[in-house]
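Scroll down for the structure; my scribbles are underneath it.
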Amino acid sequence: MTAPVKAAVFGTGSWGTTFAMVLADAGCEVTLWGRRPELAEAINSTRRNPDYLPDVELPERIRATTDAAEAAAGAEFTVLAIPSQTLRANLTEWAPLLAPDTVLVSLMKGVELGTAMRMSEVISDVTKAPAERIAIVTGPNLAREIAARQPAAAVVACSDEAVAKRLQAACHTPYFRPYTETDVVGCELGGAVKNVIGLAVGIADGMGLGDNTKGSLITRGLAETARLGLAMGADPLTFSGLAGLGDLVATASSPLSRNHTFGINLGRGMSLEETIAVTKQTAEGVKSCESVADLARRHGVEMPITDTVVDIVHNGKPPLVAVKELMSRSAKAERH
């Protein structure tokens, strides 16, 4: 009888905790790292995460700790589930502790401010791990639905297909169906840009605009993502799959989406500071919209919806004015 796969999950937020549950349900032994001793103790003693998933009973195969070395020791998969803009600083601290052959798995959907690096690039830059040891999990994965064990599909992507298949096996459960992919660039861009488009759709919903607007933003937002992906060497077909359209539809239409909810509050007239104050969890698109726009400029790609979100979120432009400017752009062929 083979020993169970050992996995470490760094991050006790809703998605990190939920993915730890998925791994445990798939048969892995999971160590969940968190910074706060009281939260780790609560998880171990009550089998619940009182801050993020208070109603979900966690499997016995999950054990929480505040000791990063203890979590990392011997892990076949090291899963990173922290806010994208904190990855570099945290991973610099953890890198010396990681098992030498561990596969580094990113659950994060963002682009680093300043460097415009995707999360797998940040992981490579900090740890010097080769591409075949870096993987991502992405797709329409709203944490609360998966924590309730509702059926969901996902993409596990790695440049080495054999590694992607190993990760696929480690997180495949009756309710969580992962597909493999080798287009890491396309999968990461789909996950990062959908947060920005999710904000845009939320803003439109907050303004009281209808389903025609939502359908237009989703479709044209996906076109922006595909244009950028093509310029960066991604496979255009990736964006019609779970990592592209699937993730975007879930984010742009669900009240469980942090980015969509954040956008609704902005569309209703709340300021950025007011919206941050009432939002308990990180809405990745708030910061990533700037880094995605930066990435687009570096590759000479037009992304007008992304630029509009930046204007509203960070430049204080009133949503009504921004929408009028977006709609008054010069007419083009759809496949421009």
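Numbering starts fresh at 1 for the residues of each chain in the structure tokens, the chains themselves are lettered A, B, ... in the order given, and ligands are numbered from 1 as they appear.
For region 154-260 of chain A, a DSSP pass over the backbone yields strand (DSSP E) at Ala154, Val155, Val156, Ala157, Phe176, Arg177, Pro178, Tyr179, Thr180 and Glu181 of chain A.
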Using only N, CA and C atoms, please write the residues we just selected to a file, as a compact mmCIF listing (two decimals), in the first residue's frame.
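After the write, again-v7.txt holds the following:
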```txt
# COMPACT_ATOMS: atom_id res chain seq x y z
N ALA A 154 -11.95 22.44 -13.16
CA ALA A 154 -10.81 23.34 -13.06
C ALA A 154 -9.76 22.91 -14.08
N VAL A 155 -8.72 23.73 -14.22
CA VAL A 155 -7.58 23.40 -15.06
C VAL A 155 -6.33 23.37 -14.18
N VAL A 156 -5.55 22.30 -14.30
CA VAL A 156 -4.22 22.27 -13.69
C VAL A 156 -3.23 22.36 -14.84
N ALA A 157 -2.40 23.38 -14.80
CA ALA A 157 -1.51 23.67 -15.92
C ALA A 157 -0.06 23.63 -15.49
N PHE A 176 -14.87 17.65 -7.69
CA PHE A 176 -13.88 18.57 -8.25
C PHE A 176 -13.15 17.86 -9.38
N ARG A 177 -13.42 18.29 -10.61
CA ARG A 177 -12.90 17.61 -11.80
C ARG A 177 -11.84 18.49 -12.47
N PRO A 178 -10.56 18.19 -12.30
CA PRO A 178 -9.51 18.97 -12.94
C PRO A 178 -9.12 18.41 -14.31
N TYR A 179 -8.91 19.31 -15.26
CA TYR A 179 -8.39 18.96 -16.58
C TYR A 179 -6.95 19.45 -16.68
N THR A 180 -6.13 18.78 -17.47
CA THR A 180 -4.73 19.21 -17.61
C THR A 180 -4.56 20.14 -18.80
N GLU A 181 -3.50 20.95 -18.73
CA GLU A 181 -3.19 21.91 -19.78
C GLU A 181 -1.69 22.22 -19.67
```
Selection: 12 Å around Asp205 (chain A), only C-alpha atoms, excl. self and same-chain fewer than 3 positions, as a PyMOL selection string: chain A and resi 198-202+208-215+217+252-255+260-269+319
Print the selection's residues with N, CA, C and O atoms to a file, as a CSV table (one decimal), in the first residue's frame.
```csv
chain,number,residue,atom,x,y,z
A,198,GLY,N,-14.4,41.2,-14.2
A,198,GLY,CA,-15.4,41.1,-13.1
A,198,GLY,C,-15.7,42.4,-12.4
A,198,GLY,O,-16.9,42.7,-12.1
A,199,LEU,N,-14.7,43.2,-12.2
A,199,LEU,CA,-14.9,44.5,-11.6
A,199,LEU,C,-15.7,45.4,-12.5
A,199,LEU,O,-16.7,46.0,-12.1
A,200,ALA,N,-15.4,45.3,-13.8
A,200,ALA,CA,-16.2,46.1,-14.8
A,200,ALA,C,-17.6,45.8,-14.8
A,200,ALA,O,-18.5,46.6,-14.8
A,201,VAL,N,-17.9,44.5,-14.8
A,201,VAL,CA,-19.3,44.0,-14.8
A,201,VAL,C,-20.0,44.4,-13.5
A,201,VAL,O,-21.2,44.8,-13.5
A,202,GLY,N,-19.3,44.3,-12.4
A,202,GLY,CA,-19.8,44.7,-11.1
A,202,GLY,C,-20.2,46.2,-11.1
A,202,GLY,O,-21.2,46.6,-10.6
A,208,GLY,N,-26.8,50.0,-12.3
A,208,GLY,CA,-28.2,49.6,-12.7
A,208,GLY,C,-28.3,49.3,-14.2
A,208,GLY,O,-29.4,49.3,-14.7
A,209,LEU,N,-27.2,49.0,-14.8
A,209,LEU,CA,-27.2,48.7,-16.3
A,209,LEU,C,-27.6,47.2,-16.4
A,209,LEU,O,-27.5,46.4,-15.5
A,210,GLY,N,-28.1,46.9,-17.6
A,210,GLY,CA,-28.7,45.6,-17.8
A,210,GLY,C,-27.8,44.5,-18.4
A,210,GLY,O,-26.6,44.6,-18.4
A,211,ASP,N,-28.5,43.4,-18.8
A,211,ASP,CA,-27.8,42.2,-19.3
A,211,ASP,C,-27.1,42.4,-20.6
A,211,ASP,O,-26.1,41.7,-20.9
A,212,ASN,N,-27.6,43.3,-21.5
A,212,ASN,CA,-26.9,43.6,-22.7
A,212,ASN,C,-25.5,44.2,-22.4
A,212,ASN,O,-24.5,43.8,-23.0
A,213,THR,N,-25.5,45.1,-21.4
A,213,THR,CA,-24.2,45.6,-21.0
A,213,THR,C,-23.3,44.5,-20.5
A,213,THR,O,-22.1,44.4,-20.8
A,214,LYS,N,-23.8,43.7,-19.6
A,214,LYS,CA,-23.1,42.6,-19.0
A,214,LYS,C,-22.5,41.6,-20.1
A,214,LYS,O,-21.3,41.3,-20.1
A,215,GLY,N,-23.4,41.2,-21.0
A,215,GLY,CA,-23.0,40.4,-22.1
A,215,GLY,C,-21.9,41.0,-23.0
A,215,GLY,O,-20.9,40.3,-23.4
A,217,LEU,N,-19.7,43.4,-22.0
A,217,LEU,CA,-18.5,43.5,-21.2
A,217,LEU,C,-17.7,42.1,-21.1
A,217,LEU,O,-16.5,42.1,-21.3
A,252,ALA,N,-18.0,37.1,-13.2
A,252,ALA,CA,-18.8,38.2,-13.7
A,252,ALA,C,-20.3,38.1,-13.3
A,252,ALA,O,-21.1,39.1,-13.4
A,253,SER,N,-20.7,36.9,-12.9
A,253,SER,CA,-22.2,36.7,-12.6
A,253,SER,C,-22.5,36.3,-11.2
A,253,SER,O,-23.7,36.2,-10.9
A,254,SER,N,-21.5,36.0,-10.4
A,254,SER,CA,-21.9,35.5,-9.0
A,254,SER,C,-21.8,36.5,-7.9
A,254,SER,O,-20.8,37.2,-7.8
A,255,PRO,N,-22.7,36.5,-7.0
A,255,PRO,CA,-22.6,37.3,-5.8
A,255,PRO,C,-21.5,36.9,-4.9
A,255,PRO,O,-21.1,37.6,-4.0
A,260,HIS,N,-16.6,41.1,-8.4
A,260,HIS,CA,-17.9,41.5,-8.8
A,260,HIS,C,-18.6,42.4,-7.8
A,260,HIS,O,-19.1,43.5,-8.0
A,261,THR,N,-18.5,41.9,-6.5
A,261,THR,CA,-19.1,42.6,-5.4
A,261,THR,C,-18.4,44.0,-5.2
A,261,THR,O,-19.1,45.0,-4.9
A,262,PHE,N,-17.1,44.0,-5.3
A,262,PHE,CA,-16.4,45.2,-5.1
A,262,PHE,C,-16.8,46.2,-6.2
A,262,PHE,O,-17.0,47.4,-5.9
A,263,GLY,N,-16.9,45.7,-7.4
A,263,GLY,CA,-17.4,46.6,-8.5
A,263,GLY,C,-18.8,47.2,-8.3
A,263,GLY,O,-19.0,48.3,-8.6
A,264,ILE,N,-19.7,46.3,-7.8
A,264,ILE,CA,-21.0,46.8,-7.5
A,264,ILE,C,-21.0,48.0,-6.6
A,264,ILE,O,-21.7,49.0,-6.8
A,265,ASN,N,-20.2,47.9,-5.5
A,265,ASN,CA,-20.1,49.1,-4.6
A,265,ASN,C,-19.6,50.3,-5.2
A,265,ASN,O,-20.1,51.4,-5.0
A,266,LEU,N,-18.6,50.2,-6.1
A,266,LEU,CA,-18.1,51.3,-6.8
A,266,LEU,C,-19.1,51.9,-7.7
A,266,LEU,O,-19.3,53.1,-7.8
A,267,GLY,N,-19.8,51.0,-8.4
A,267,GLY,CA,-20.9,51.5,-9.3
A,267,GLY,C,-22.0,52.2,-8.6
A,267,GLY,O,-22.7,53.0,-9.2
A,268,ARG,N,-22.2,51.9,-7.4
A,268,ARG,CA,-23.3,52.5,-6.6
A,268,ARG,C,-22.8,53.9,-6.0
A,268,ARG,O,-23.6,54.6,-5.3
A,269,GLY,N,-21.6,54.2,-6.3
A,269,GLY,CA,-21.1,55.5,-5.9
A,269,GLY,C,-20.1,55.6,-4.7
A,269,GLY,O,-19.7,56.6,-4.3
A,319,PRO,N,-18.0,56.6,-12.6
A,319,PRO,CA,-18.3,55.5,-13.6
A,319,PRO,C,-19.2,56.0,-14.8
A,319,PRO,O,-18.9,55.5,-15.9
```
Which one of A:Ser257, A:Thr92, A:Thr78, A:Ser216 sits closest to Glu284 (chain A) if you count only C-alpha atoms? A:Ser257
Give me, as a PDB file with C-alpha atoms, in the first residue's frame, all polymer residues having an atom no more than 9 Å from region 105-111 of chain A, counting only C-alpha atoms and skipping those fewer than 6 positions away in the same chain.
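That gives us part-v1.pdb:
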```pdb
ATOM      1  CA  TRP A  15      -9.685  29.360  -1.303  1.00  0.00           C
ATOM      2  CA  GLY A  16      -6.575  28.011   0.429  1.00  0.00           C
ATOM      3  CA  PHE A  19      -8.316  23.583  -1.792  1.00  0.00           C
ATOM      4  CA  PHE A  77       3.074  19.660  -3.660  1.00  0.00           C
ATOM      5  CA  THR A  78       3.490  23.099  -2.072  1.00  0.00           C
ATOM      6  CA  VAL A  79       0.367  25.139  -2.758  1.00  0.00           C
ATOM      7  CA  LEU A  80       0.521  28.941  -2.549  1.00  0.00           C
ATOM      8  CA  ALA A  81      -2.823  30.577  -1.752  1.00  0.00           C
ATOM      9  CA  ILE A  82      -2.036  34.109  -0.589  1.00  0.00           C
ATOM     10  CA  PRO A  83      -2.775  37.555  -2.094  1.00  0.00           C
ATOM     11  CA  SER A  84      -0.750  37.909  -5.279  1.00  0.00           C
ATOM     12  CA  GLN A  85       0.922  41.177  -4.300  1.00  0.00           C
ATOM     13  CA  LEU A  87       3.785  36.519  -2.897  1.00  0.00           C
ATOM     14  CA  MET A 117       5.184  39.298 -13.819  1.00  0.00           C
ATOM     15  CA  ARG A 118       2.661  36.489 -13.753  1.00  0.00           C
ATOM     16  CA  MET A 119       2.594  34.484 -10.536  1.00  0.00           C
ATOM     17  CA  SER A 120       4.504  31.525 -11.992  1.00  0.00           C
ATOM     18  CA  ILE A 123       7.726  31.864  -8.176  1.00  0.00           C
ATOM     19  CA  ARG A 133       8.235  22.233 -11.093  1.00  0.00           C
ATOM     20  CA  ILE A 134       5.761  25.126 -11.252  1.00  0.00           C
ATOM     21  CA  ALA A 135       2.038  24.549 -11.805  1.00  0.00           C
ATOM     22  CA  ILE A 136      -1.192  26.517 -11.482  1.00  0.00           C
ATOM     23  CA  VAL A 137      -4.794  25.682 -10.658  1.00  0.00           C
ATOM     24  CA  THR A 138      -7.415  27.928 -12.224  1.00  0.00           C
ATOM     25  CA  LEU A 167      -1.366  17.213  -9.694  1.00  0.00           C
ATOM     26  CA  GLU A 188      -2.646  32.568 -15.885  1.00  0.00           C
ATOM     27  CA  LEU A 189      -3.735  35.484 -18.046  1.00  0.00           C
ATOM     28  CA  GLY A 190      -7.299  34.194 -18.115  1.00  0.00           C
ATOM     29  CA  GLY A 191      -7.365  34.090 -14.324  1.00  0.00           C
ATOM     30  CA  ALA A 192      -5.755  37.492 -13.833  1.00  0.00           C
ATOM     31  CA  VAL A 193      -7.703  39.500 -16.409  1.00  0.00           C
ATOM     32  CA  LYS A 194     -11.088  37.991 -15.494  1.00  0.00           C
ATOM     33  CA  ASN A 195     -10.771  39.728 -12.111  1.00  0.00           C
ATOM     34  CA  GLU A 284      -7.339  40.803  -6.686  1.00  0.00           C
ATOM     35  CA  GLY A 285      -8.541  42.912  -9.607  1.00  0.00           C
ATOM     36  CA  LYS A 287      -4.502  46.089  -7.742  1.00  0.00           C
ATOM     37  CA  SER A 288      -4.056  43.805 -10.727  1.00  0.00           C
ATOM     38  CA  CYS A 289      -5.965  46.130 -13.057  1.00  0.00           C
ATOM     39  CA  GLU A 290      -2.945  48.453 -12.939  1.00  0.00           C
ATOM     40  CA  SER A 291      -0.431  45.662 -13.543  1.00  0.00           C
ATOM     41  CA  VAL A 292      -2.560  44.135 -16.328  1.00  0.00           C
ATOM     42  CA  LEU A 295       1.493  44.374 -19.164  1.00  0.00           C
TER      43      LEU A 295
END
```
Would you mind listing what lies within 10 Å of region 27-39 of chain A as number ranges by chain, with only C-alpha atoms counted and same-chain residues fewer than 5 positions away left out? A: 3-13, 16-17, 19-22, 44-45, 48-51, 59-73, 75-82, 169-173
When you look at Ala231 (chain A) with a cut-off of 7 Å (counting only C-alpha atoms), what residues show up, excluding the ones that are within fewer than 3 positions of it in the same chain? I need them as number ranges by chain. A: 227-228, 299
Excluding region 234-241 of chain A and its own-chain neighbours fewer than 2 positions away, which residues fall within 8 Å of it when counting only C-alpha atoms? Please give them as a PyMOL selection string. chain A and resi 183-187+190+222+225-226+229-232+243-246
Dump as a PDB file, in the first residue's frame, selection limited to N, CA, C and O atoms:
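And here is the file that came out, selection_15.pdb:
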```pdb
ATOM      1  N   ASP A 183      -0.533  25.125 -21.430  1.00  0.00           N
ATOM      2  CA  ASP A 183      -0.450  26.556 -21.739  1.00  0.00           C
ATOM      3  C   ASP A 183      -0.554  27.366 -20.448  1.00  0.00           C
ATOM      4  O   ASP A 183      -1.612  27.917 -20.118  1.00  0.00           O
ATOM      5  N   VAL A 184       0.551  27.448 -19.735  1.00  0.00           N
ATOM      6  CA  VAL A 184       0.560  28.156 -18.456  1.00  0.00           C
ATOM      7  C   VAL A 184       0.299  29.650 -18.657  1.00  0.00           C
ATOM      8  O   VAL A 184      -0.449  30.275 -17.892  1.00  0.00           O
ATOM      9  N   VAL A 185       0.885  30.233 -19.696  1.00  0.00           N
ATOM     10  CA  VAL A 185       0.702  31.668 -19.945  1.00  0.00           C
ATOM     11  C   VAL A 185      -0.773  31.994 -20.143  1.00  0.00           C
ATOM     12  O   VAL A 185      -1.328  32.907 -19.508  1.00  0.00           O
ATOM     13  N   GLY A 186      -1.449  31.249 -21.016  1.00  0.00           N
ATOM     14  CA  GLY A 186      -2.857  31.517 -21.275  1.00  0.00           C
ATOM     15  C   GLY A 186      -3.731  31.311 -20.059  1.00  0.00           C
ATOM     16  O   GLY A 186      -4.634  32.118 -19.771  1.00  0.00           O
ATOM     17  N   CYS A 187      -3.457  30.242 -19.312  1.00  0.00           N
ATOM     18  CA  CYS A 187      -4.262  29.960 -18.122  1.00  0.00           C
ATOM     19  C   CYS A 187      -4.089  31.052 -17.065  1.00  0.00           C
ATOM     20  O   CYS A 187      -5.069  31.473 -16.434  1.00  0.00           O
ATOM     21  N   GLY A 190      -5.851  34.315 -18.266  1.00  0.00           N
ATOM     22  CA  GLY A 190      -7.299  34.194 -18.115  1.00  0.00           C
ATOM     23  C   GLY A 190      -7.738  34.462 -16.695  1.00  0.00           C
ATOM     24  O   GLY A 190      -8.721  35.190 -16.446  1.00  0.00           O
ATOM     25  N   LEU A 222     -13.249  39.313 -22.788  1.00  0.00           N
ATOM     26  CA  LEU A 222     -12.562  38.086 -23.199  1.00  0.00           C
ATOM     27  C   LEU A 222     -11.719  38.346 -24.446  1.00  0.00           C
ATOM     28  O   LEU A 222     -10.614  37.800 -24.578  1.00  0.00           O
ATOM     29  N   THR A 225      -8.512  39.888 -23.331  1.00  0.00           N
ATOM     30  CA  THR A 225      -7.651  38.874 -22.733  1.00  0.00           C
ATOM     31  C   THR A 225      -6.967  38.061 -23.814  1.00  0.00           C
ATOM     32  O   THR A 225      -5.756  37.791 -23.748  1.00  0.00           O
ATOM     33  N   ALA A 226      -7.727  37.651 -24.825  1.00  0.00           N
ATOM     34  CA  ALA A 226      -7.166  36.837 -25.907  1.00  0.00           C
ATOM     35  C   ALA A 226      -6.136  37.619 -26.718  1.00  0.00           C
ATOM     36  O   ALA A 226      -5.111  37.059 -27.135  1.00  0.00           O
ATOM     37  N   GLY A 229      -3.063  37.642 -24.654  1.00  0.00           N
ATOM     38  CA  GLY A 229      -2.498  36.294 -24.639  1.00  0.00           C
ATOM     39  C   GLY A 229      -1.776  35.965 -25.934  1.00  0.00           C
ATOM     40  O   GLY A 229      -0.679  35.394 -25.921  1.00  0.00           O
ATOM     41  N   LEU A 230      -2.374  36.328 -27.060  1.00  0.00           N
ATOM     42  CA  LEU A 230      -1.755  36.063 -28.356  1.00  0.00           C
ATOM     43  C   LEU A 230      -0.409  36.773 -28.460  1.00  0.00           C
ATOM     44  O   LEU A 230       0.583  36.198 -28.939  1.00  0.00           O
ATOM     45  N   ALA A 231      -0.351  38.017 -27.972  1.00  0.00           N
ATOM     46  CA  ALA A 231       0.900  38.778 -28.015  1.00  0.00           C
ATOM     47  C   ALA A 231       1.973  38.164 -27.118  1.00  0.00           C
ATOM     48  O   ALA A 231       3.168  38.351 -27.353  1.00  0.00           O
ATOM     49  N   MET A 232       1.532  37.400 -26.098  1.00  0.00           N
ATOM     50  CA  MET A 232       2.473  36.802 -25.159  1.00  0.00           C
ATOM     51  C   MET A 232       2.741  35.329 -25.441  1.00  0.00           C
ATOM     52  O   MET A 232       3.400  34.657 -24.657  1.00  0.00           O
ATOM     53  N   ALA A 243     -10.268  28.050 -18.160  1.00  0.00           N
ATOM     54  CA  ALA A 243      -9.395  29.100 -17.628  1.00  0.00           C
ATOM     55  C   ALA A 243      -9.736  30.476 -18.167  1.00  0.00           C
ATOM     56  O   ALA A 243      -9.347  31.492 -17.584  1.00  0.00           O
ATOM     57  N   GLY A 244     -10.461  30.517 -19.292  1.00  0.00           N
ATOM     58  CA  GLY A 244     -10.850  31.788 -19.888  1.00  0.00           C
ATOM     59  C   GLY A 244     -12.314  32.079 -19.669  1.00  0.00           C
ATOM     60  O   GLY A 244     -12.708  32.685 -18.669  1.00  0.00           O
ATOM     61  N   LEU A 245     -13.141  31.624 -20.613  1.00  0.00           N
ATOM     62  CA  LEU A 245     -14.576  31.904 -20.553  1.00  0.00           C
ATOM     63  C   LEU A 245     -15.210  31.367 -19.268  1.00  0.00           C
ATOM     64  O   LEU A 245     -16.023  32.052 -18.635  1.00  0.00           O
ATOM     65  N   GLY A 246     -14.857  30.142 -18.879  1.00  0.00           N
ATOM     66  CA  GLY A 246     -15.482  29.550 -17.690  1.00  0.00           C
ATOM     67  C   GLY A 246     -15.268  30.379 -16.442  1.00  0.00           C
ATOM     68  O   GLY A 246     -16.218  30.673 -15.691  1.00  0.00           O
TER      69      GLY A 246
END
```
How many Å separate CA of Asn259 (chain A) from CA of Val286 (chain A)?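 Straight-line distance from CA of Asn259 (chain A) to CA of Val286 (chain A) works out to 7.7 Å.
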Could you tell me which of A:Leu58, A:Ile276, A:Ile312, A:Ala143 comes closest to Thr251 (chain A) if we count only C-alpha atoms?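 Smallest distance to Thr251 (chain A) is found for A:Ala143.
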Could you give me the residues within region 67-162 of chain A that DSSP places in helix (DSSP H, G or I), as a PyMOL selection string? chain A and resi 68-72+84-97+119-127+131-133+143-147+161-162
Find the residues around Ala131 (chain A) up to 8 Å (only C-alpha atoms counted), leave out those fewer than 4 positions away in its own chain, and share them as an mmCIF file with N, CA and C atoms, in the first residue's frame.
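Result file is out17.cif:
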```
data_model
loop_
_atom_site.group_PDB
_atom_site.id
_atom_site.type_symbol
_atom_site.label_atom_id
_atom_site.label_comp_id
_atom_site.auth_asym_id
_atom_site.auth_seq_id
_atom_site.Cartn_x
_atom_site.Cartn_y
_atom_site.Cartn_z
ATOM 1 N N SER A 124 9.230 31.443 -10.030
ATOM 2 C CA SER A 124 10.506 31.070 -10.647
ATOM 3 C C SER A 124 11.614 32.033 -10.265
ATOM 4 N N CYS A 158 0.756 22.987 -16.307
ATOM 5 C CA CYS A 158 2.204 22.954 -16.103
ATOM 6 C C CYS A 158 2.830 22.708 -17.464
ATOM 7 N N SER A 159 4.002 23.264 -17.696
ATOM 8 C CA SER A 159 4.674 23.040 -18.977
ATOM 9 C C SER A 159 5.037 21.581 -19.168
ATOM 10 N N ASP A 160 5.188 20.839 -18.077
ATOM 11 C CA ASP A 160 5.445 19.404 -18.111
ATOM 12 C C ASP A 160 4.121 18.676 -17.901
#
```
Interatomic distance (Å, one decimal) between CA of Arg47 (chain A) and CA of Ala277 (chain A): 29.2 Å
By how many Å are CA of Ala293 (chain A) and CA of Asp311 (chain A) apart?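 Between CA of Ala293 (chain A) and CA of Asp311 (chain A) the gap works out to 10.9 Å.
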